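**Student:** Next comes structure-v2.txt, compact mmCIF, N, CA, C and O atoms and all ligand atoms:
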# COMPACT_ATOMS: atom_id res chain seq x y z
N MET A 1 97.60 92.14 111.01
CA MET A 1 98.69 93.10 111.16
C MET A 1 98.19 94.49 110.80
O MET A 1 97.31 94.64 109.97
N LEU A 2 98.78 95.49 111.42
CA LEU A 2 98.28 96.84 111.25
C LEU A 2 98.75 97.46 109.93
O LEU A 2 99.82 97.13 109.41
N THR A 3 97.95 98.38 109.43
CA THR A 3 98.25 99.04 108.15
C THR A 3 99.60 99.76 108.15
O THR A 3 100.31 99.69 107.15
N PRO A 4 99.99 100.48 109.23
CA PRO A 4 101.31 101.12 109.20
C PRO A 4 102.45 100.12 108.98
O PRO A 4 103.43 100.45 108.30
N THR A 5 102.32 98.92 109.50
CA THR A 5 103.35 97.90 109.28
C THR A 5 103.41 97.52 107.81
O THR A 5 104.49 97.39 107.23
N HIS A 6 102.23 97.33 107.21
CA HIS A 6 102.20 97.01 105.78
C HIS A 6 102.80 98.14 104.96
O HIS A 6 103.57 97.91 104.03
N SER A 7 102.44 99.37 105.29
CA SER A 7 102.96 100.53 104.54
C SER A 7 104.46 100.64 104.70
O SER A 7 105.18 100.94 103.73
N PHE A 8 104.96 100.42 105.91
CA PHE A 8 106.40 100.48 106.14
C PHE A 8 107.12 99.41 105.32
O PHE A 8 108.16 99.68 104.70
N PHE A 9 106.59 98.21 105.32
CA PHE A 9 107.21 97.12 104.56
C PHE A 9 107.19 97.43 103.06
O PHE A 9 108.18 97.18 102.36
N ASP A 10 106.07 97.99 102.57
CA ASP A 10 106.00 98.37 101.16
C ASP A 10 107.02 99.46 100.84
O ASP A 10 107.63 99.46 99.76
N THR A 11 107.21 100.39 101.77
CA THR A 11 108.21 101.44 101.56
C THR A 11 109.61 100.84 101.51
O THR A 11 110.44 101.27 100.69
N LEU A 12 109.87 99.85 102.36
CA LEU A 12 111.17 99.17 102.32
C LEU A 12 111.38 98.49 100.97
O LEU A 12 112.49 98.54 100.41
N ILE A 13 110.34 97.85 100.45
CA ILE A 13 110.45 97.21 99.13
C ILE A 13 110.78 98.26 98.07
O ILE A 13 111.68 98.08 97.24
N TYR A 14 110.06 99.38 98.14
CA TYR A 14 110.27 100.45 97.15
C TYR A 14 111.70 100.97 97.20
O TYR A 14 112.39 101.03 96.18
N PHE A 15 112.17 101.33 98.40
CA PHE A 15 113.52 101.89 98.50
C PHE A 15 114.59 100.82 98.22
O PHE A 15 115.64 101.14 97.66
N GLY A 16 114.31 99.59 98.61
CA GLY A 16 115.26 98.52 98.33
C GLY A 16 115.45 98.32 96.83
O GLY A 16 116.57 98.27 96.34
N LEU A 17 114.34 98.24 96.11
CA LEU A 17 114.44 98.05 94.66
C LEU A 17 115.02 99.29 93.98
O LEU A 17 115.74 99.18 92.99
N SER A 18 114.70 100.47 94.51
CA SER A 18 115.23 101.71 93.93
C SER A 18 116.73 101.83 94.19
O SER A 18 117.49 102.21 93.31
N TYR A 19 117.14 101.51 95.43
CA TYR A 19 118.54 101.68 95.81
C TYR A 19 119.46 100.80 94.97
O TYR A 19 120.50 101.24 94.50
N PHE A 20 119.04 99.56 94.79
CA PHE A 20 119.89 98.64 94.03
C PHE A 20 119.64 98.75 92.53
O PHE A 20 120.20 98.00 91.75
N ASP A 21 118.76 99.68 92.16
CA ASP A 21 118.50 99.97 90.75
C ASP A 21 118.10 98.71 89.99
O ASP A 21 118.50 98.49 88.85
N ILE A 22 117.31 97.86 90.66
CA ILE A 22 116.87 96.61 90.06
C ILE A 22 115.81 96.88 88.99
O ILE A 22 115.79 96.24 87.95
N ILE A 23 114.97 97.85 89.27
CA ILE A 23 113.88 98.11 88.35
C ILE A 23 113.64 99.61 88.26
O ILE A 23 113.92 100.34 89.21
N LYS A 24 113.17 100.06 87.13
CA LYS A 24 112.89 101.49 86.96
C LYS A 24 111.46 101.76 87.43
O LYS A 24 110.51 101.24 86.87
N PHE A 25 111.36 102.55 88.50
CA PHE A 25 110.06 102.81 89.09
C PHE A 25 109.33 103.93 88.39
O PHE A 25 109.93 104.88 87.91
N ARG A 26 108.03 103.80 88.35
CA ARG A 26 107.16 104.90 87.93
C ARG A 26 106.36 105.29 89.17
O ARG A 26 106.21 104.50 90.10
N TYR A 27 105.82 106.50 89.17
CA TYR A 27 105.04 106.94 90.33
C TYR A 27 103.83 106.04 90.55
O TYR A 27 103.45 105.77 91.68
N PHE A 28 103.25 105.56 89.46
CA PHE A 28 102.07 104.70 89.60
C PHE A 28 102.42 103.40 90.32
O PHE A 28 101.56 102.82 91.00
N ASP A 29 103.67 102.96 90.21
CA ASP A 29 104.08 101.73 90.91
C ASP A 29 103.94 101.89 92.42
O ASP A 29 103.51 100.98 93.12
N LEU A 30 104.32 103.07 92.90
CA LEU A 30 104.22 103.32 94.34
C LEU A 30 102.75 103.34 94.77
O LEU A 30 102.40 102.79 95.82
N ILE A 31 101.91 103.97 93.96
CA ILE A 31 100.47 103.99 94.26
C ILE A 31 99.92 102.57 94.27
O ILE A 31 99.16 102.19 95.17
N ALA A 32 100.32 101.78 93.29
CA ALA A 32 99.85 100.39 93.22
C ALA A 32 100.33 99.60 94.43
O ALA A 32 99.59 98.79 95.00
N LEU A 33 101.58 99.84 94.83
CA LEU A 33 102.15 99.13 95.98
C LEU A 33 101.36 99.43 97.25
O LEU A 33 100.98 98.52 98.00
N TYR A 34 101.09 100.71 97.49
CA TYR A 34 100.34 101.08 98.70
C TYR A 34 98.87 100.67 98.61
O TYR A 34 98.26 100.35 99.62
N SER A 35 98.30 100.72 97.41
CA SER A 35 96.88 100.41 97.29
C SER A 35 96.59 98.93 97.55
O SER A 35 95.44 98.56 97.77
N ALA A 36 97.62 98.10 97.54
CA ALA A 36 97.41 96.69 97.86
C ALA A 36 96.89 96.53 99.29
O ALA A 36 96.22 95.55 99.61
N SER A 37 97.16 97.50 100.14
CA SER A 37 96.66 97.43 101.52
C SER A 37 95.15 97.58 101.59
O SER A 37 94.56 97.32 102.65
N LEU A 38 94.53 97.99 100.49
CA LEU A 38 93.07 98.10 100.48
C LEU A 38 92.40 96.74 100.65
O LEU A 38 91.20 96.68 100.91
N ILE A 39 93.16 95.68 100.53
CA ILE A 39 92.60 94.36 100.77
C ILE A 39 92.08 94.25 102.21
O ILE A 39 91.17 93.48 102.49
N ASP A 40 92.62 95.08 103.08
CA ASP A 40 92.17 95.06 104.48
C ASP A 40 90.81 95.71 104.67
O ASP A 40 90.29 95.73 105.80
N LEU A 41 90.21 96.24 103.60
CA LEU A 41 88.87 96.80 103.73
C LEU A 41 87.85 95.72 104.12
O LEU A 41 86.77 96.04 104.60
N ASP A 42 88.21 94.46 103.92
CA ASP A 42 87.28 93.39 104.31
C ASP A 42 87.12 93.30 105.83
O ASP A 42 86.19 92.65 106.31
N HIS A 43 87.98 93.98 106.56
CA HIS A 43 87.81 94.04 108.01
C HIS A 43 86.50 94.77 108.36
O HIS A 43 85.92 94.53 109.41
N LEU A 44 86.07 95.67 107.48
CA LEU A 44 84.88 96.47 107.78
C LEU A 44 83.61 95.62 107.83
O LEU A 44 82.60 96.06 108.36
N PHE A 45 83.67 94.41 107.30
CA PHE A 45 82.48 93.56 107.27
C PHE A 45 82.43 92.58 108.44
O PHE A 45 81.62 91.66 108.45
N SER A 46 83.33 92.74 109.39
CA SER A 46 83.29 91.86 110.56
C SER A 46 83.28 92.69 111.82
O SER A 46 83.69 93.85 111.82
N LYS A 47 82.76 92.08 112.88
CA LYS A 47 82.69 92.78 114.17
C LYS A 47 83.47 92.01 115.21
O LYS A 47 83.28 90.80 115.31
N PRO A 48 84.30 92.63 115.99
CA PRO A 48 84.75 94.02 115.86
C PRO A 48 85.61 94.19 114.61
O PRO A 48 86.13 93.19 114.09
N ILE A 49 85.78 95.41 114.17
CA ILE A 49 86.51 95.65 112.92
C ILE A 49 87.95 95.15 113.04
O ILE A 49 88.46 94.50 112.15
N PHE A 50 88.59 95.43 114.18
CA PHE A 50 89.94 94.89 114.39
C PHE A 50 89.97 94.05 115.66
O PHE A 50 89.55 94.48 116.71
N ASP A 51 90.43 92.85 115.51
CA ASP A 51 90.61 91.96 116.65
C ASP A 51 91.97 91.29 116.47
O ASP A 51 92.18 90.54 115.52
N SER A 52 92.88 91.58 117.39
CA SER A 52 94.25 91.08 117.22
C SER A 52 94.33 89.57 117.38
O SER A 52 95.30 88.95 116.97
N LYS A 53 93.30 88.94 117.95
CA LYS A 53 93.32 87.49 118.16
C LYS A 53 92.60 86.72 117.06
O LYS A 53 92.33 85.54 117.19
N ARG A 54 92.26 87.41 115.99
CA ARG A 54 91.50 86.78 114.92
C ARG A 54 92.43 86.43 113.75
O ARG A 54 93.31 87.20 113.40
N ASN A 55 92.22 85.26 113.16
CA ASN A 55 93.01 84.84 112.00
C ASN A 55 92.37 85.43 110.75
O ASN A 55 91.26 85.05 110.39
N PRO A 56 93.06 86.36 110.07
CA PRO A 56 92.44 87.01 108.90
C PRO A 56 92.16 86.03 107.77
O PRO A 56 91.23 86.23 107.00
N PHE A 57 92.93 84.95 107.67
CA PHE A 57 92.73 83.99 106.58
C PHE A 57 91.49 83.13 106.81
O PHE A 57 91.05 82.42 105.91
N LYS A 58 90.92 83.15 108.00
CA LYS A 58 89.70 82.40 108.28
C LYS A 58 88.49 83.31 108.41
O LYS A 58 87.36 82.86 108.25
N ALA A 59 88.73 84.60 108.72
CA ALA A 59 87.61 85.46 109.08
C ALA A 59 87.20 86.46 108.00
O ALA A 59 86.04 86.82 107.93
N HIS A 60 88.13 86.91 107.18
CA HIS A 60 87.80 87.99 106.23
C HIS A 60 87.69 87.45 104.82
O HIS A 60 88.55 86.69 104.36
N PHE A 61 86.66 87.90 104.11
CA PHE A 61 86.33 87.24 102.83
C PHE A 61 87.38 87.46 101.75
O PHE A 61 87.54 86.61 100.88
N LEU A 62 88.10 88.58 101.76
CA LEU A 62 89.16 88.75 100.75
C LEU A 62 90.40 87.94 101.12
O LEU A 62 91.03 87.32 100.26
N HIS A 63 90.74 87.92 102.40
CA HIS A 63 91.90 87.15 102.84
C HIS A 63 91.67 85.64 102.68
O HIS A 63 92.60 84.89 102.47
N LYS A 64 90.39 85.23 102.81
CA LYS A 64 90.08 83.80 102.67
C LYS A 64 90.47 83.28 101.30
O LYS A 64 90.81 82.12 101.14
N ASN A 65 90.38 84.15 100.29
CA ASN A 65 90.70 83.75 98.92
C ASN A 65 92.18 83.97 98.61
O ASN A 65 92.53 84.44 97.53
N TRP A 66 93.04 83.61 99.53
CA TRP A 66 94.46 83.90 99.37
C TRP A 66 95.09 83.17 98.19
O TRP A 66 96.01 83.69 97.55
N LYS A 67 94.58 82.00 97.85
CA LYS A 67 95.14 81.28 96.69
C LYS A 67 94.87 82.05 95.40
O LYS A 67 95.74 82.16 94.54
N THR A 68 93.66 82.56 95.28
CA THR A 68 93.30 83.35 94.10
C THR A 68 94.14 84.62 94.04
O THR A 68 94.59 85.03 92.96
N ILE A 69 94.36 85.24 95.19
CA ILE A 69 95.15 86.48 95.24
C ILE A 69 96.59 86.20 94.83
O ILE A 69 97.19 86.98 94.08
N ILE A 70 97.14 85.10 95.30
CA ILE A 70 98.52 84.74 94.91
C ILE A 70 98.57 84.48 93.40
O ILE A 70 99.50 84.95 92.72
N PHE A 71 97.58 83.78 92.87
CA PHE A 71 97.54 83.52 91.43
C PHE A 71 97.45 84.83 90.65
O PHE A 71 98.21 85.05 89.69
N PHE A 72 96.55 85.74 91.07
CA PHE A 72 96.41 87.04 90.41
C PHE A 72 97.71 87.83 90.49
O PHE A 72 98.14 88.45 89.50
N SER A 73 98.35 87.79 91.65
CA SER A 73 99.61 88.52 91.83
C SER A 73 100.68 88.01 90.89
O SER A 73 101.40 88.80 90.28
N MET A 74 100.77 86.69 90.76
CA MET A 74 101.77 86.12 89.86
C MET A 74 101.50 86.53 88.41
O MET A 74 102.42 86.82 87.66
N LEU A 75 100.21 86.55 88.04
CA LEU A 75 99.87 86.96 86.68
C LEU A 75 100.32 88.40 86.43
O LEU A 75 100.89 88.71 85.38
N THR A 76 100.04 89.29 87.39
CA THR A 76 100.42 90.70 87.18
C THR A 76 101.93 90.86 87.19
O THR A 76 102.46 91.64 86.40
N ILE A 77 102.61 90.15 88.07
CA ILE A 77 104.07 90.31 88.18
C ILE A 77 104.76 89.84 86.90
O ILE A 77 105.65 90.50 86.38
N PHE A 78 104.32 88.71 86.38
CA PHE A 78 105.03 88.15 85.24
C PHE A 78 104.49 88.58 83.87
O PHE A 78 105.22 88.56 82.89
N PHE A 79 103.21 88.98 83.80
CA PHE A 79 102.63 89.22 82.48
C PHE A 79 102.05 90.61 82.27
O PHE A 79 101.69 90.95 81.15
N TYR A 80 101.88 91.41 83.31
CA TYR A 80 101.26 92.71 83.10
C TYR A 80 101.98 93.77 83.93
O TYR A 80 101.65 94.01 85.08
N ARG A 81 103.01 94.37 83.34
CA ARG A 81 103.88 95.31 84.04
C ARG A 81 103.15 96.48 84.73
O ARG A 81 103.51 96.84 85.85
N PRO A 82 102.11 97.09 84.10
CA PRO A 82 101.47 98.24 84.77
C PRO A 82 100.94 97.92 86.16
O PRO A 82 100.91 98.79 87.03
N LEU A 83 100.50 96.69 86.39
CA LEU A 83 99.97 96.35 87.72
C LEU A 83 100.89 95.40 88.49
O LEU A 83 100.48 94.82 89.49
N ALA A 84 102.12 95.29 88.04
CA ALA A 84 103.04 94.35 88.69
C ALA A 84 103.22 94.67 90.17
O ALA A 84 103.27 93.77 91.01
N PHE A 85 103.26 95.95 90.52
CA PHE A 85 103.50 96.28 91.92
C PHE A 85 102.25 96.16 92.77
O PHE A 85 102.35 96.11 94.00
N LEU A 86 101.09 96.11 92.14
CA LEU A 86 99.90 95.73 92.90
C LEU A 86 100.07 94.28 93.35
O LEU A 86 99.77 93.93 94.50
N GLY A 87 100.57 93.45 92.45
CA GLY A 87 100.84 92.05 92.80
C GLY A 87 101.89 91.92 93.88
O GLY A 87 101.74 91.13 94.82
N VAL A 88 102.95 92.71 93.77
CA VAL A 88 104.00 92.66 94.79
C VAL A 88 103.44 93.10 96.14
O VAL A 88 103.71 92.47 97.18
N GLY A 89 102.62 94.14 96.12
CA GLY A 89 102.02 94.62 97.37
C GLY A 89 101.09 93.60 97.98
O GLY A 89 101.07 93.40 99.20
N LEU A 90 100.31 92.90 97.14
CA LEU A 90 99.40 91.88 97.66
C LEU A 90 100.19 90.71 98.25
O LEU A 90 99.84 90.19 99.33
N LEU A 91 101.26 90.31 97.58
CA LEU A 91 102.07 89.21 98.11
C LEU A 91 102.73 89.61 99.43
O LEU A 91 102.77 88.81 100.38
N SER A 92 103.24 90.84 99.50
CA SER A 92 103.87 91.26 100.75
C SER A 92 102.83 91.37 101.87
O SER A 92 103.11 91.04 103.01
N HIS A 93 101.61 91.77 101.51
CA HIS A 93 100.54 91.85 102.50
C HIS A 93 100.22 90.46 103.06
O HIS A 93 100.15 90.27 104.28
N LEU A 94 100.03 89.51 102.15
CA LEU A 94 99.71 88.15 102.60
C LEU A 94 100.87 87.55 103.41
O LEU A 94 100.65 86.86 104.39
N LEU A 95 102.10 87.84 102.97
CA LEU A 95 103.27 87.34 103.70
C LEU A 95 103.30 87.88 105.13
O LEU A 95 103.49 87.12 106.09
N LEU A 96 103.08 89.19 105.28
CA LEU A 96 103.11 89.77 106.63
C LEU A 96 101.97 89.24 107.49
O LEU A 96 102.15 88.97 108.68
N ASP A 97 100.78 89.09 106.90
CA ASP A 97 99.66 88.52 107.66
C ASP A 97 99.97 87.09 108.07
O ASP A 97 99.63 86.66 109.18
N PHE A 98 100.61 86.33 107.16
CA PHE A 98 100.96 84.94 107.48
C PHE A 98 101.98 84.88 108.62
O PHE A 98 101.84 84.08 109.55
N ILE A 99 102.99 85.75 108.56
CA ILE A 99 103.99 85.80 109.63
C ILE A 99 103.31 86.16 110.95
O ILE A 99 103.60 85.59 112.00
N TYR A 100 102.35 87.09 110.87
CA TYR A 100 101.63 87.52 112.08
C TYR A 100 100.88 86.36 112.72
O TYR A 100 100.97 86.15 113.94
N ILE A 101 100.14 85.59 111.91
CA ILE A 101 99.36 84.50 112.53
C ILE A 101 100.29 83.39 113.03
O ILE A 101 99.96 82.71 114.00
N LYS A 102 101.43 83.20 112.40
CA LYS A 102 102.36 82.18 112.89
C LYS A 102 103.01 82.61 114.18
O LYS A 102 103.24 81.79 115.09
N ARG A 103 103.35 83.89 114.31
CA ARG A 103 103.98 84.40 115.53
C ARG A 103 103.02 84.37 116.71
O ARG A 103 103.42 84.17 117.85
N HIS A 104 101.73 84.61 116.42
CA HIS A 104 100.75 84.68 117.52
C HIS A 104 99.94 83.41 117.65
O HIS A 104 98.97 83.37 118.41
N HIS A 105 100.31 82.35 116.91
CA HIS A 105 99.67 81.03 117.02
C HIS A 105 98.16 81.12 116.88
O HIS A 105 97.41 80.60 117.71
N LEU A 106 97.70 81.77 115.81
CA LEU A 106 96.24 81.90 115.60
C LEU A 106 95.72 80.79 114.70
O LEU A 106 96.42 80.22 113.94
ZN ZN A 201 95.51 91.79 105.90
In structure tokens, how does this file's structure come out?
**Tutor:**
Amino acid sequence: MLTPTHSFFDTLIYFGLSYFDIIKFRYFDLIALYSASLIDLDHLFSKPIFDSKRNPFKAHFLHKNWKTIIFFSMLTIFFYRPLAFLGVGLLSHLLLDFIYIKRHHL
């Protein structure tokens, strides 16, 4: 899935949580939320860099470790507030990538 889609979804999470006043945001939370998209830097190690027919969970070394990423995300969300939104961003990233591969039968 493309980075603008991930950024848009992260923005929706931010405004959704802000609107309903569920959590008190800090500016660093927004940076952490957007920086979760840096997981897509593993695309740079494959050729071609972007291939819409490729399954990221099989081809890219950071996406391949999705279980570890989910575990790390849960740790940050539940036990380490300063990086909690990095965890939220990583989970939303993996969720969108998962929806993408299911929609396109990869
Ligand atoms: Zn991805």
**Student:** Could the residues of chain A that have an atom at most 7 Å from ligand ZN 201 (chain A) be listed as a Markdown table, each with its closest atom pair and the distance in Å to one decimal, counting all atoms listed in the file and ordered by chain and ascending residue number?
**Tutor:**
| residue | atom | partner | partner_atom | distance |
| --- | --- | --- | --- | --- |
| A:Met1 | O | A:ZN201 | ZN | 5.3 |
| A:Ser37 | O | A:ZN201 | ZN | 6.5 |
| A:Ile39 | C | A:ZN201 | ZN | 5.6 |
| A:Asp40 | CA | A:ZN201 | ZN | 4.9 |
| A:Pro56 | CA | A:ZN201 | ZN | 6.4 |
| A:His63 | CA | A:ZN201 | ZN | 6.6 |
| A:His93 | O | A:ZN201 | ZN | 5.1 |
| A:Leu94 | N | A:ZN201 | ZN | 6.3 |
| A:Asp97 | CA | A:ZN201 | ZN | 5.6 |
**Student:** Please compute the CA of Pro82 in chain A-CA of Leu30 in chain A distance, one decimal, in Å.
**Tutor:**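 Distance between the two atoms: 11.2 Å.
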**Student:** Ser92 in chain A: which residues within 10 Å, counting only C-alpha atoms, same-chain residues fewer than 3 positions away excluded, as a PyMOL selection string?
**Tutor:** chain A and resi 6+9-10+13+33+36-37+86-89+95-98
**Student:** Could you jot down the CA of Phe28 in chain A to CA of Leu83 in chain A separation for me, Å, one decimal place?
**Tutor:**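 For CA of Phe28 in chain A relative to CA of Leu83 in chain A, the distance reads 8.8 Å.
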**Student:** Out of A:Asn55, A:Thr11, A:Thr68, A:Thr5, which residue has the shortest atom-to-atom distance to Ala32 in chain A when counting only C-alpha atoms?
**Tutor:**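 Answer, going by the shortest atom-to-atom distance: A:Thr11.
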**Student:** Around all the atoms of range 85-98 of chain A listed in the file, draw an axis-aligned box and extend it by 8 Å on each of the six sides; I want its centre and edge lengths in Å to one decimal, as lines of an AutoDock Vina configuration file.
**Tutor:**
center_x = 101.7
center_y = 90.2
center_z = 100.0
size_x = 20.6
size_y = 28.2
size_z = 35.0
**Student:** Which value, in Å to one decimal, gives the distance between atom O of Arg81 in chain A and atom N of His60 in chain A?
**Tutor:**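 We find that atom O of Arg81 in chain A and atom N of His60 in chain A lie 28.1 Å from each other.
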**Student:** Assign secondary structure with DSSP using the backbone only, and return the residues of range 36-81 of chain A in helix (DSSP H, G or I) as a VMD selection string.
**Tutor:** chain A and resid 36 to 45 56 to 59 61 to 64 66 to 79 81
**Student:** Counting only C-alpha atoms, figure out which residue out of A:Leu41, A:Leu17, A:Leu90, A:Ala84 gets nearest to Ile69 in chain A.
**Tutor:**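 Closest to Ile69 in chain A, using only C-alpha atoms: A:Leu90.
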**Student:** I want to know what sits within 7 Å of Arg54 in chain A, based on all atoms listed in the file, with residues of the same chain fewer than 2 positions away left out; could you give that as a list in words?
**Tutor:**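 So the residues in contact are Met1, Asp51, Ser52, Pro56, Phe57, Lys58, Ala59, Ile101 and Leu106 of chain A.
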**Student:** Please dump the current selection as an mmCIF file, keeping the file's coordinate frame; keep N, CA, C and O atoms.
**Tutor:**
data_model
loop_
_atom_site.group_PDB
_atom_site.id
_atom_site.type_symbol
_atom_site.label_atom_id
_atom_site.label_comp_id
_atom_site.auth_asym_id
_atom_site.auth_seq_id
_atom_site.Cartn_x
_atom_site.Cartn_y
_atom_site.Cartn_z
ATOM 1 N N MET A 1 97.600 92.140 111.010
ATOM 2 C CA MET A 1 98.690 93.100 111.160
ATOM 3 C C MET A 1 98.190 94.490 110.800
ATOM 4 O O MET A 1 97.310 94.640 109.970
ATOM 5 N N ASP A 51 90.430 92.850 115.510
ATOM 6 C CA ASP A 51 90.610 91.960 116.650
ATOM 7 C C ASP A 51 91.970 91.290 116.470
ATOM 8 O O ASP A 51 92.180 90.540 115.520
ATOM 9 N N SER A 52 92.880 91.580 117.390
ATOM 10 C CA SER A 52 94.250 91.080 117.220
ATOM 11 C C SER A 52 94.330 89.570 117.380
ATOM 12 O O SER A 52 95.300 88.950 116.970
ATOM 13 N N PRO A 56 93.060 86.360 110.070
ATOM 14 C CA PRO A 56 92.440 87.010 108.900
ATOM 15 C C PRO A 56 92.160 86.030 107.770
ATOM 16 O O PRO A 56 91.230 86.230 107.000
ATOM 17 N N PHE A 57 92.930 84.950 107.670
ATOM 18 C CA PHE A 57 92.730 83.990 106.580
ATOM 19 C C PHE A 57 91.490 83.130 106.810
ATOM 20 O O PHE A 57 91.050 82.420 105.910
ATOM 21 N N LYS A 58 90.920 83.150 108.000
ATOM 22 C CA LYS A 58 89.700 82.400 108.280
ATOM 23 C C LYS A 58 88.490 83.310 108.410
ATOM 24 O O LYS A 58 87.360 82.860 108.250
ATOM 25 N N ALA A 59 88.730 84.600 108.720
ATOM 26 C CA ALA A 59 87.610 85.460 109.080
ATOM 27 C C ALA A 59 87.200 86.460 108.000
ATOM 28 O O ALA A 59 86.040 86.820 107.930
ATOM 29 N N ILE A 101 100.140 85.590 111.910
ATOM 30 C CA ILE A 101 99.360 84.500 112.530
ATOM 31 C C ILE A 101 100.290 83.390 113.030
ATOM 32 O O ILE A 101 99.960 82.710 114.000
ATOM 33 N N LEU A 106 97.700 81.770 115.810
ATOM 34 C CA LEU A 106 96.240 81.900 115.600
ATOM 35 C C LEU A 106 95.720 80.790 114.700
ATOM 36 O O LEU A 106 96.420 80.220 113.940
#
